[in-house]
Structures are given as structure tokens and as C-alpha cells.
>>> print(open('work-v6.tsv').read())   # TSV, C-alpha atoms and all ligand atoms
chain	number	residue	atom	x	y	z
A	5	MET	CA	153.55	72.55	183.51
A	6	LYS	CA	151.57	70.68	186.14
A	7	LEU	CA	148.24	68.96	185.68
A	8	ARG	CA	146.03	68.40	188.69
A	9	TYR	CA	144.15	65.24	187.84
A	10	SER	CA	142.09	62.33	189.04
A	11	PRO	CA	142.48	58.97	187.27
A	12	THR	CA	138.72	58.55	186.78
A	13	SER	CA	137.82	62.04	185.55
A	14	PRO	CA	136.68	61.99	181.91
A	15	TYR	CA	137.46	65.71	181.60
A	16	VAL	CA	141.03	64.95	182.65
A	17	ARG	CA	141.06	62.19	180.05
A	18	LYS	CA	140.25	64.78	177.36
A	19	VAL	CA	143.26	66.80	178.47
A	20	VAL	CA	145.61	63.82	178.59
A	21	ILE	CA	144.51	62.57	175.14
A	22	THR	CA	145.12	66.12	173.88
A	23	ALA	CA	148.57	66.15	175.51
A	24	LEU	CA	149.45	62.80	173.91
A	25	GLU	CA	148.10	63.78	170.48
A	26	THR	CA	150.05	67.05	170.52
A	27	GLY	CA	153.29	65.52	171.79
A	28	LEU	CA	153.24	67.68	174.93
A	29	ASP	CA	152.66	64.89	177.44
A	30	SER	CA	156.30	64.61	178.54
A	31	ARG	CA	156.27	68.31	179.52
A	32	ILE	CA	153.40	67.83	181.94
A	33	GLU	CA	153.99	66.78	185.54
A	34	ARG	CA	150.97	65.01	187.08
A	35	VAL	CA	149.65	66.00	190.51
A	36	ARG	CA	147.02	63.54	191.70
A	37	THR	CA	144.18	65.43	193.36
A	38	ASN	CA	140.96	64.38	195.09
A	39	ALA	CA	138.59	67.24	194.30
A	40	TRP	CA	136.02	65.82	196.73
A	41	ASP	CA	138.36	65.95	199.76
A	42	PRO	CA	137.10	68.84	201.94
A	43	ALA	CA	140.74	69.55	202.93
A	44	THR	CA	142.03	69.77	199.34
A	45	ASP	CA	144.19	72.74	198.38
A	46	LEU	CA	142.87	72.50	194.80
A	47	THR	CA	140.71	75.60	195.34
A	48	GLY	CA	143.93	77.65	195.61
A	49	ASP	CA	144.52	76.83	191.94
A	50	ASN	CA	140.95	76.47	190.67
A	51	PRO	CA	138.36	78.38	192.71
A	52	LEU	CA	135.70	76.07	191.27
A	53	GLY	CA	137.38	73.15	193.05
A	54	LYS	CA	137.41	70.88	189.99
A	55	VAL	CA	139.92	68.86	188.05
A	56	PRO	CA	141.44	69.20	185.53
A	57	ALA	CA	143.48	72.30	186.35
A	58	LEU	CA	146.68	73.16	184.48
A	59	ILE	CA	149.37	75.22	186.19
A	60	LEU	CA	151.95	76.82	183.92
A	61	ASP	CA	155.59	77.33	184.93
A	62	ASP	CA	154.89	81.01	185.74
A	63	GLY	CA	152.26	79.88	188.28
A	64	SER	CA	149.21	80.87	186.23
A	65	CYS	CA	146.41	78.34	186.39
A	66	PHE	CA	143.86	77.36	183.74
A	67	TYR	CA	140.57	75.49	183.80
A	68	ASP	CA	138.23	73.95	182.53
A	69	SER	CA	138.97	71.19	180.02
A	70	PRO	CA	138.00	73.15	176.84
A	71	VAL	CA	140.31	76.00	177.88
A	72	ILE	CA	143.18	73.68	178.88
A	73	CYS	CA	142.91	71.68	175.64
A	74	GLU	CA	142.95	74.83	173.49
A	75	LEU	CA	145.87	76.24	175.48
A	76	LEU	CA	147.87	73.02	174.92
A	77	ASP	CA	146.97	73.07	171.22
A	78	SER	CA	148.30	76.64	171.00
A	79	LEU	CA	151.71	75.45	172.30
A	80	GLN	CA	152.33	73.08	169.41
A	81	ASP	CA	153.02	73.55	165.70
A	82	GLY	CA	151.64	70.24	164.39
A	83	ALA	CA	148.16	69.53	163.05
A	84	LYS	CA	145.72	71.57	165.09
A	85	LEU	CA	143.02	69.96	167.21
A	86	PHE	CA	141.18	73.28	167.24
A	87	PRO	CA	140.75	74.28	163.59
A	88	ALA	CA	141.27	77.93	162.61
A	89	ALA	CA	138.24	80.23	162.50
A	90	GLY	CA	135.60	79.01	160.07
A	91	PRO	CA	132.98	76.28	159.71
A	92	ALA	CA	135.38	73.44	160.66
A	93	ARG	CA	136.13	75.18	163.97
A	94	PHE	CA	132.48	75.53	164.87
A	95	THR	CA	131.76	71.91	163.97
A	96	ALA	CA	134.63	70.83	166.25
A	97	LEU	CA	133.43	73.11	169.07
A	98	ARG	CA	129.83	71.92	168.71
A	99	ARG	CA	130.98	68.31	168.87
A	100	GLN	CA	133.07	69.13	171.92
A	101	ALA	CA	129.92	70.62	173.49
A	102	LEU	CA	128.01	67.43	172.67
A	103	GLY	CA	130.70	65.22	174.22
A	104	ASP	CA	131.06	67.48	177.27
A	105	GLY	CA	127.28	67.66	177.60
A	106	ILE	CA	127.04	63.86	177.67
A	107	LEU	CA	129.70	63.91	180.38
A	108	ASP	CA	127.91	66.60	182.40
A	109	ALA	CA	124.68	64.58	182.28
A	110	ALA	CA	126.43	61.26	183.03
A	111	LEU	CA	128.22	62.82	186.00
A	112	GLN	CA	124.87	64.02	187.36
A	113	VAL	CA	123.57	60.45	187.14
A	114	VAL	CA	126.67	59.10	188.87
A	115	ILE	CA	126.49	61.70	191.67
A	116	GLU	CA	122.78	61.04	192.14
A	117	THR	CA	123.26	57.27	192.36
A	118	LEU	CA	126.71	56.79	193.94
A	119	ARG	CA	127.25	59.87	196.09
A	120	ARG	CA	123.85	61.16	197.20
A	121	PRO	CA	122.38	59.36	200.22
A	122	GLU	CA	119.47	57.15	199.09
A	123	PRO	CA	116.65	59.09	200.83
A	124	TYR	CA	117.63	62.24	198.91
A	125	ARG	CA	117.81	60.70	195.44
A	126	TRP	CA	115.57	62.17	192.73
A	127	ASN	CA	114.70	59.60	190.11
A	128	GLY	CA	113.06	62.18	187.85
A	129	TRP	CA	116.40	64.01	187.65
A	130	ILE	CA	118.22	60.79	186.73
A	131	ASP	CA	115.64	60.08	184.00
A	132	ARG	CA	116.02	63.63	182.62
A	133	GLN	CA	119.82	63.29	182.41
A	134	LYS	CA	119.59	59.85	180.80
A	135	ALA	CA	117.14	61.20	178.21
A	136	ALA	CA	119.61	63.98	177.34
A	137	ILE	CA	122.40	61.42	176.97
A	138	ALA	CA	120.22	59.26	174.70
A	139	ARG	CA	119.32	62.21	172.44
A	140	ALA	CA	122.95	63.31	172.20
A	141	LEU	CA	124.02	59.76	171.31
A	142	ASP	CA	121.29	59.59	168.64
A	143	GLN	CA	122.65	62.83	167.17
A	144	LEU	CA	126.17	61.35	167.14
A	145	GLU	CA	124.84	58.21	165.43
A	146	ARG	CA	123.51	60.45	162.64
A	147	GLU	CA	126.93	62.16	162.34
A	148	ALA	CA	129.09	59.07	162.82
A	149	ALA	CA	130.05	58.80	159.14
A	150	ASP	CA	131.53	62.32	159.33
A	151	LEU	CA	133.61	61.75	162.49
A	152	ALA	CA	137.35	61.60	161.84
A	153	GLU	CA	139.29	58.38	162.35
A	154	ASN	CA	142.74	59.90	161.83
A	155	SER	CA	142.86	63.71	161.82
A	156	LEU	CA	141.17	64.20	165.16
A	157	THR	CA	139.77	67.50	166.40
A	158	ILE	CA	138.76	68.39	169.93
A	159	GLY	CA	135.26	67.30	168.88
A	160	GLU	CA	136.28	63.66	168.40
A	161	ILE	CA	138.40	63.75	171.58
A	162	ALA	CA	135.45	64.94	173.69
A	163	ILE	CA	133.21	62.28	172.14
A	164	ILE	CA	135.80	59.57	172.88
A	165	ALA	CA	135.97	60.72	176.52
A	166	ALA	CA	132.17	60.68	176.73
A	167	LEU	CA	131.70	57.19	175.24
A	168	GLY	CA	134.55	55.84	177.37
A	169	TYR	CA	132.91	57.27	180.49
A	170	LEU	CA	129.57	55.66	179.61
A	171	ASP	CA	131.39	52.32	179.33
A	172	PHE	CA	133.12	52.98	182.66
A	173	ARG	CA	130.18	54.16	184.79
A	174	LEU	CA	126.91	53.49	182.95
A	175	ALA	CA	127.68	50.28	181.03
A	176	ALA	CA	124.33	48.78	182.04
A	177	ASP	CA	122.59	51.36	179.84
A	178	ARG	CA	124.26	49.78	176.75
A	179	TRP	CA	124.74	52.92	174.63
A	180	ARG	CA	125.80	50.88	171.59
A	181	GLU	CA	122.34	49.35	171.17
A	182	GLY	CA	120.61	50.88	168.14
A	183	ARG	CA	123.73	52.94	167.31
A	184	PRO	CA	125.83	50.69	165.08
A	185	ALA	CA	127.68	53.44	163.19
A	186	LEU	CA	128.81	55.20	166.37
A	187	ALA	CA	129.79	51.86	167.95
A	188	ALA	CA	131.86	50.96	164.85
A	189	TRP	CA	133.60	54.34	164.87
A	190	PHE	CA	134.43	54.01	168.58
A	191	ALA	CA	135.75	50.46	168.07
A	192	VAL	CA	138.36	51.88	165.69
A	193	LEU	CA	139.26	54.84	167.92
A	194	GLU	CA	139.55	52.72	171.07
A	195	LYS	CA	142.68	51.16	169.57
A	196	ARG	CA	144.41	54.51	169.01
A	197	PRO	CA	147.45	54.71	171.34
A	198	SER	CA	146.36	57.96	173.07
A	199	VAL	CA	142.94	56.43	173.76
A	200	ALA	CA	144.11	52.95	174.79
A	201	ALA	CA	146.67	54.50	177.16
A	202	THR	CA	144.10	56.61	179.01
A	203	LEU	CA	141.41	54.11	180.00
A	204	PRO	CA	139.80	55.24	183.28
A	205	LYS	CA	140.66	53.17	186.33
A	206	GLU	CA	139.77	53.38	190.03
B	301	LIG	N1	133.45	71.63	182.89
B	301	LIG	C1	134.56	71.08	183.65
B	301	LIG	C2	134.06	69.91	184.50
B	301	LIG	C3	135.13	69.40	185.48
B	301	LIG	C4	134.52	68.49	186.54
B	301	LIG	O1	133.31	68.49	186.78
B	301	LIG	N2	135.40	67.73	187.20
B	301	LIG	C5	134.96	66.86	188.26
B	301	LIG	C6	135.71	65.53	188.23
B	301	LIG	S1	135.15	64.53	186.90
B	301	LIG	C7	135.25	67.50	189.60
B	301	LIG	O2	136.36	67.92	189.84
B	301	LIG	N3	134.23	67.58	190.48
B	301	LIG	C8	134.37	68.11	191.78
B	301	LIG	C9	133.23	69.04	192.12
B	301	LIG	O3	132.31	69.21	191.27
B	301	LIG	O4	133.23	69.62	193.21
B	301	LIG	C10	135.67	70.67	182.67
B	301	LIG	O5	135.38	70.50	181.46
B	301	LIG	O6	136.83	70.59	183.07
>>> encode(input="work-v6.tsv", output="C-alpha cells", more="lines below")
Ligand SMILES: N[C@@H](CCC(=O)N[C@@H](CS)C(=O)NCC(=O)O)C(=O)O
Amino acid sequence: MKLRYSPTSPYVRKVVITALETGLDSRIERVRTNAWDPATDLTGDNPLGKVPALILDDGSCFYDSPVICELLDSLQDGAKLFPAAGPARFTALRRQALGDGILDAALQVVIETLRRPEPYRWNGWIDRQKAAIARALDQLEREAADLAENSLTIGEIAIIAALGYLDFRLAADRWREGRPALAAWFAVLEKRPSVAATLPKE
């Protein structure tokens, strides 16, 4: 299998943590890809032009991160990151949506501030995204006692990727303030080998 990746993408980080947790990492060849390069051939694999994209040995290609993570989970016989049908599955999927939603909003803020030329920036849009992030974090603070420290699901993995991305790109917003339970949970998870090994870097 091949994974088209960028070293700073938090969605890629979800996939790589999943690969490490499931023991599949050594079967995945990495293909570094700049999705923003107008000349990229990424669109031949993923018409949406985004990383991550996973290419199987038969040439079939899969995107986006929820699909890739579930596909990887289906290839392994150990403890499942996507629980079988039932309430636990929907809790894991909802938490994945919360983590991915934080990422989607944070990426909007980053694009608006780092990529969009200053005259075109829309502060109201940034404020709206930051408000969504704050509400999602407050929800996670209320659930922090129920988040797993050992038997992770895709929900915890998405939340780890989201909190790690806030530290990486929006550290000045200090997400830990007023959220002690979530901060304590993340402090434990940050030391997990799959998490420590996948810190984003430029
Ligand atoms: N929902 C997608 C989001 C992927 C995504 O937005 N990737 C970014 C990098 S962090 C990208 O490739 N952006 C390029 C673009 O939007 O054109 C997923 O979960 O995989």
C-alpha cells in the first residue's frame, strides 16, 4: 500500500496513528505529496486533490481519512478501532466527527490567516470557526472522563489529531485554559508511542 501524505496534515496523522496502532505501518510506503502544488499529480489518485490518499496494491485509491482509517482497521484482526455496530460504534463515530470538525474549522482559520492575502481576509469567518472550535472543546471537556486512555477507538484518535493540531497551529488560543480534564487526558495520551512518533513538523 502507498500513502500520499504531508508531514503537517492532521488528517494524515490520524491515518498514521491508526496504522501504528493496528500494526500495519510497516506495510505502508510513504509518498510525500504537496497538495497545494498546482502541478501535483495527486488529483489522478484523489479527484478532490487532498491528502491523505491510500493506494492499494491493486491500484485502487481511497480517501478521506475516516474511510482510510476504517479500511486499515478492516485489514487487521486485533482490537478494533471501529467498534462493531451498536452504541459504542456511534459514540466512536460521533467523537471522530467532533475531532474532524475541530480540524476542519482550525484549517479554515489557518487558510484565512496564513494563505489568503491580507486584503481578502474575513475576520468574521475566523471568529465563527474559532467559536465552533471552542464549543467542540467544551463538549470534549464534559466527556473527558469517558475518553479511553488504553483501548482507543477512532474517536480518541481523531481527538488526539485535533488537539495536536491546535498546539501546532493555534497555540496562542490556549485550548487547555478552562478545560483541565481534557488537558489531563491529552497529557497522558501524548506519551503514547503512536502519538509521540507522529508529532507534526514543517
Ligand atoms: N476530510 C478530509 C480532509 C483532508 C484535507 O483537507 N487535507 C488537506 C491537508 S491538511 C489538503 O490536502 N488540502 C488541500 C486542498 O484542500 O486543496 C480527510 O479527512 O481526509
>>> residues_near_ligand(input="work-v6.tsv", ligand="ligand LIG 301 (chain B)", cutoff="10 Å", atoms="only C-alpha atoms and all ligand atoms", output="ChimeraX atom specification")
/A:8-19,37-42,46-47,50,52-57,66-73,100-101,104-105,107-108,111-112,115,162,169
>>> residues_around(input="work-v6.tsv", residues="region 181-195 of chain A", least_positions_apart="6", cutoff="8 Å", atoms="only C-alpha atoms", output="JSON, numbers by chain")
{"A": [141, 142, 144, 145, 148, 149, 151, 153, 164, 167]}
>>> atom_distance(input="work-v6.tsv", atom1="CA of Thr44 (chain A)", atom2="CA of Leu7 (chain A)")
15.0 Å
>>> closest_residue(input="work-v6.tsv", among="A:Arg119, A:Arg132, A:Ser155, A:Phe94", to="Arg196 (chain A)", atoms="all atoms listed in the file")
A:Ser155
>>> atom_distance(input="work-v6.tsv", atom1="CA of Arg93 (chain A)", atom2="CA of Asp81 (chain A)")
17.1 Å
>>> closest_residue(input="work-v6.tsv", among="A:Lys84, A:Arg120, A:Arg146, A:Lys205", to="Phe172 (chain A)", atoms="all atoms listed in the file")
A:Lys205
>>> atom_distance(input="work-v6.tsv", atom1="CA of Ser64 (chain A)", atom2="CA of Val35 (chain A)")
15.5 Å
>>> closest_residue(input="work-v6.tsv", among="A:Arg34, A:Glu74, A:Arg178, A:Glu116", to="Ala88 (chain A)", atoms="all atoms listed in the file")
A:Glu74
>>> residues_near_point(input="work-v6.tsv", point="(124.4, 61.0, 181.8)", cutoff="9 Å", atoms="only C-alpha atoms", output="PDB file with C-alpha atoms, keeping the file's coordinate frame")
ATOM      1  CA  GLY A 105     127.280  67.660 177.600  1.00  0.00           C
ATOM      2  CA  ILE A 106     127.040  63.860 177.670  1.00  0.00           C
ATOM      3  CA  LEU A 107     129.700  63.910 180.380  1.00  0.00           C
ATOM      4  CA  ASP A 108     127.910  66.600 182.400  1.00  0.00           C
ATOM      5  CA  ALA A 109     124.680  64.580 182.280  1.00  0.00           C
ATOM      6  CA  ALA A 110     126.430  61.260 183.030  1.00  0.00           C
ATOM      7  CA  LEU A 111     128.220  62.820 186.000  1.00  0.00           C
ATOM      8  CA  GLN A 112     124.870  64.020 187.360  1.00  0.00           C
ATOM      9  CA  VAL A 113     123.570  60.450 187.140  1.00  0.00           C
ATOM     10  CA  VAL A 114     126.670  59.100 188.870  1.00  0.00           C
ATOM     11  CA  ILE A 130     118.220  60.790 186.730  1.00  0.00           C
ATOM     12  CA  ARG A 132     116.020  63.630 182.620  1.00  0.00           C
ATOM     13  CA  GLN A 133     119.820  63.290 182.410  1.00  0.00           C
ATOM     14  CA  LYS A 134     119.590  59.850 180.800  1.00  0.00           C
ATOM     15  CA  ALA A 135     117.140  61.200 178.210  1.00  0.00           C
ATOM     16  CA  ALA A 136     119.610  63.980 177.340  1.00  0.00           C
ATOM     17  CA  ILE A 137     122.400  61.420 176.970  1.00  0.00           C
ATOM     18  CA  ALA A 138     120.220  59.260 174.700  1.00  0.00           C
ATOM     19  CA  LEU A 170     129.570  55.660 179.610  1.00  0.00           C
ATOM     20  CA  LEU A 174     126.910  53.490 182.950  1.00  0.00           C
TER      21      LEU A 174
END
>>> closest_residue(input="work-v6.tsv", among="A:Cys65, A:Ile161, A:Met5, A:Ala23", to="Asp49 (chain A)", atoms="only C-alpha atoms")
A:Cys65
>>> closest_residue(input="work-v6.tsv", among="A:Gly159, A:Gly27, A:Gly82, A:Gly63", to="Leu97 (chain A)", atoms="only C-alpha atoms")
A:Gly159
>>> decode(input="work-v6.tsv", residues="region 89-120 of chain A", atoms="N, CA, C and O atoms", output="mmCIF file, in the first residue's frame")
data_model
loop_
_atom_site.group_PDB
_atom_site.id
_atom_site.type_symbol
_atom_site.label_atom_id
_atom_site.label_comp_id
_atom_site.auth_asym_id
_atom_site.auth_seq_id
_atom_site.Cartn_x
_atom_site.Cartn_y
_atom_site.Cartn_z
ATOM 1 N N ALA A 89 -21.223 -2.728 14.971
ATOM 2 C CA ALA A 89 -22.481 -1.979 15.013
ATOM 3 C C ALA A 89 -23.069 -1.972 16.416
ATOM 4 O O ALA A 89 -23.076 -2.994 17.095
ATOM 5 N N GLY A 90 -23.570 -0.833 16.828
ATOM 6 C CA GLY A 90 -24.145 -0.696 18.166
ATOM 7 C C GLY A 90 -23.771 0.648 18.746
ATOM 8 O O GLY A 90 -23.108 1.453 18.090
ATOM 9 N N PRO A 91 -24.188 0.904 19.997
ATOM 10 C CA PRO A 91 -23.969 2.230 20.588
ATOM 11 C C PRO A 91 -22.493 2.633 20.633
ATOM 12 O O PRO A 91 -22.160 3.794 20.386
ATOM 13 N N ALA A 92 -21.588 1.669 20.929
ATOM 14 C CA ALA A 92 -20.166 2.034 21.027
ATOM 15 C C ALA A 92 -19.649 2.547 19.688
ATOM 16 O O ALA A 92 -18.820 3.467 19.627
ATOM 17 N N ARG A 93 -20.133 1.959 18.597
ATOM 18 C CA ARG A 93 -19.704 2.416 17.268
ATOM 19 C C ARG A 93 -20.146 3.862 17.028
ATOM 20 O O ARG A 93 -19.363 4.694 16.561
ATOM 21 N N PHE A 94 -21.383 4.153 17.379
ATOM 22 C CA PHE A 94 -21.860 5.514 17.090
ATOM 23 C C PHE A 94 -21.209 6.546 17.994
ATOM 24 O O PHE A 94 -21.011 7.701 17.585
ATOM 25 N N THR A 95 -20.857 6.144 19.214
ATOM 26 C CA THR A 95 -20.097 7.074 20.067
ATOM 27 C C THR A 95 -18.739 7.351 19.436
ATOM 28 O O THR A 95 -18.295 8.501 19.364
ATOM 29 N N ALA A 96 -18.064 6.301 18.974
ATOM 30 C CA ALA A 96 -16.742 6.472 18.345
ATOM 31 C C ALA A 96 -16.855 7.337 17.094
ATOM 32 O O ALA A 96 -16.026 8.232 16.866
ATOM 33 N N LEU A 97 -17.890 7.098 16.267
ATOM 34 C CA LEU A 97 -18.043 7.882 15.033
ATOM 35 C C LEU A 97 -18.389 9.339 15.349
ATOM 36 O O LEU A 97 -17.904 10.263 14.684
ATOM 37 N N ARG A 98 -19.223 9.543 16.376
ATOM 38 C CA ARG A 98 -19.547 10.932 16.748
ATOM 39 C C ARG A 98 -18.296 11.641 17.241
ATOM 40 O O ARG A 98 -18.045 12.802 16.893
ATOM 41 N N ARG A 99 -17.493 10.950 18.038
ATOM 42 C CA ARG A 99 -16.260 11.601 18.515
ATOM 43 C C ARG A 99 -15.298 11.864 17.361
ATOM 44 O O ARG A 99 -14.595 12.869 17.342
ATOM 45 N N GLN A 100 -15.264 10.945 16.406
ATOM 46 C CA GLN A 100 -14.434 11.198 15.222
ATOM 47 C C GLN A 100 -14.943 12.466 14.522
ATOM 48 O O GLN A 100 -14.148 13.328 14.095
ATOM 49 N N ALA A 101 -16.268 12.605 14.418
ATOM 50 C CA ALA A 101 -16.828 13.791 13.753
ATOM 51 C C ALA A 101 -16.456 15.060 14.517
ATOM 52 O O ALA A 101 -16.175 16.103 13.906
ATOM 53 N N LEU A 102 -16.449 14.967 15.854
ATOM 54 C CA LEU A 102 -16.075 16.129 16.662
ATOM 55 C C LEU A 102 -14.608 16.490 16.426
ATOM 56 O O LEU A 102 -14.265 17.654 16.214
ATOM 57 N N GLY A 103 -13.730 15.491 16.451
ATOM 58 C CA GLY A 103 -12.304 15.752 16.208
ATOM 59 C C GLY A 103 -12.081 16.285 14.796
ATOM 60 O O GLY A 103 -11.385 17.289 14.591
ATOM 61 N N ASP A 104 -12.697 15.634 13.800
ATOM 62 C CA ASP A 104 -12.540 16.090 12.413
ATOM 63 C C ASP A 104 -13.129 17.489 12.227
ATOM 64 O O ASP A 104 -12.599 18.307 11.462
ATOM 65 N N GLY A 105 -14.231 17.755 12.940
ATOM 66 C CA GLY A 105 -14.867 19.075 12.820
ATOM 67 C C GLY A 105 -13.976 20.169 13.393
ATOM 68 O O GLY A 105 -13.907 21.278 12.846
ATOM 69 N N ILE A 106 -13.297 19.872 14.504
ATOM 70 C CA ILE A 106 -12.327 20.835 15.048
ATOM 71 C C ILE A 106 -11.244 21.083 14.004
ATOM 72 O O ILE A 106 -10.848 22.221 13.747
ATOM 73 N N LEU A 107 -10.774 20.001 13.381
ATOM 74 C CA LEU A 107 -9.735 20.141 12.358
ATOM 75 C C LEU A 107 -10.220 20.962 11.165
ATOM 76 O O LEU A 107 -9.504 21.837 10.676
ATOM 77 N N ASP A 108 -11.442 20.690 10.711
ATOM 78 C CA ASP A 108 -11.969 21.431 9.559
ATOM 79 C C ASP A 108 -12.019 22.927 9.888
ATOM 80 O O ASP A 108 -11.628 23.770 9.070
ATOM 81 N N ALA A 109 -12.480 23.244 11.097
ATOM 82 C CA ALA A 109 -12.585 24.660 11.495
ATOM 83 C C ALA A 109 -11.194 25.274 11.668
ATOM 84 O O ALA A 109 -10.941 26.403 11.235
ATOM 85 N N ALA A 110 -10.280 24.521 12.287
ATOM 86 C CA ALA A 110 -8.922 25.045 12.511
ATOM 87 C C ALA A 110 -8.223 25.280 11.165
ATOM 88 O O ALA A 110 -7.514 26.284 10.988
ATOM 89 N N LEU A 111 -8.443 24.381 10.223
ATOM 90 C CA LEU A 111 -7.816 24.543 8.904
ATOM 91 C C LEU A 111 -8.355 25.797 8.205
ATOM 92 O O LEU A 111 -7.609 26.522 7.541
ATOM 93 N N GLN A 112 -9.644 26.058 8.379
ATOM 94 C CA GLN A 112 -10.215 27.289 7.812
ATOM 95 C C GLN A 112 -9.522 28.519 8.384
ATOM 96 O O GLN A 112 -9.217 29.472 7.675
ATOM 97 N N VAL A 113 -9.261 28.487 9.698
ATOM 98 C CA VAL A 113 -8.591 29.623 10.346
ATOM 99 C C VAL A 113 -7.176 29.764 9.786
ATOM 100 O O VAL A 113 -6.728 30.873 9.462
ATOM 101 N N VAL A 114 -6.490 28.638 9.646
ATOM 102 C CA VAL A 114 -5.107 28.674 9.161
ATOM 103 C C VAL A 114 -5.065 29.183 7.714
ATOM 104 O O VAL A 114 -4.229 30.029 7.363
ATOM 105 N N ILE A 115 -5.986 28.707 6.871
ATOM 106 C CA ILE A 115 -6.016 29.162 5.480
ATOM 107 C C ILE A 115 -6.300 30.666 5.432
ATOM 108 O O ILE A 115 -5.654 31.425 4.716
ATOM 109 N N GLU A 116 -7.261 31.092 6.253
ATOM 110 C CA GLU A 116 -7.654 32.503 6.254
ATOM 111 C C GLU A 116 -6.511 33.406 6.715
ATOM 112 O O GLU A 116 -6.364 34.525 6.243
ATOM 113 N N THR A 117 -5.697 32.916 7.646
ATOM 114 C CA THR A 117 -4.642 33.777 8.203
ATOM 115 C C THR A 117 -3.293 33.587 7.509
ATOM 116 O O THR A 117 -2.566 34.550 7.334
ATOM 117 N N LEU A 118 -2.940 32.356 7.123
ATOM 118 C CA LEU A 118 -1.609 32.127 6.553
ATOM 119 C C LEU A 118 -1.600 32.160 5.030
ATOM 120 O O LEU A 118 -0.619 32.561 4.417
ATOM 121 N N ARG A 119 -2.682 31.712 4.400
ATOM 122 C CA ARG A 119 -2.643 31.551 2.941
ATOM 123 C C ARG A 119 -3.357 32.672 2.195
ATOM 124 O O ARG A 119 -2.947 33.057 1.117
ATOM 125 N N ARG A 120 -4.448 33.180 2.754
ATOM 126 C CA ARG A 120 -5.220 34.176 1.999
ATOM 127 C C ARG A 120 -4.537 35.542 2.085
ATOM 128 O O ARG A 120 -4.161 35.972 3.173
#
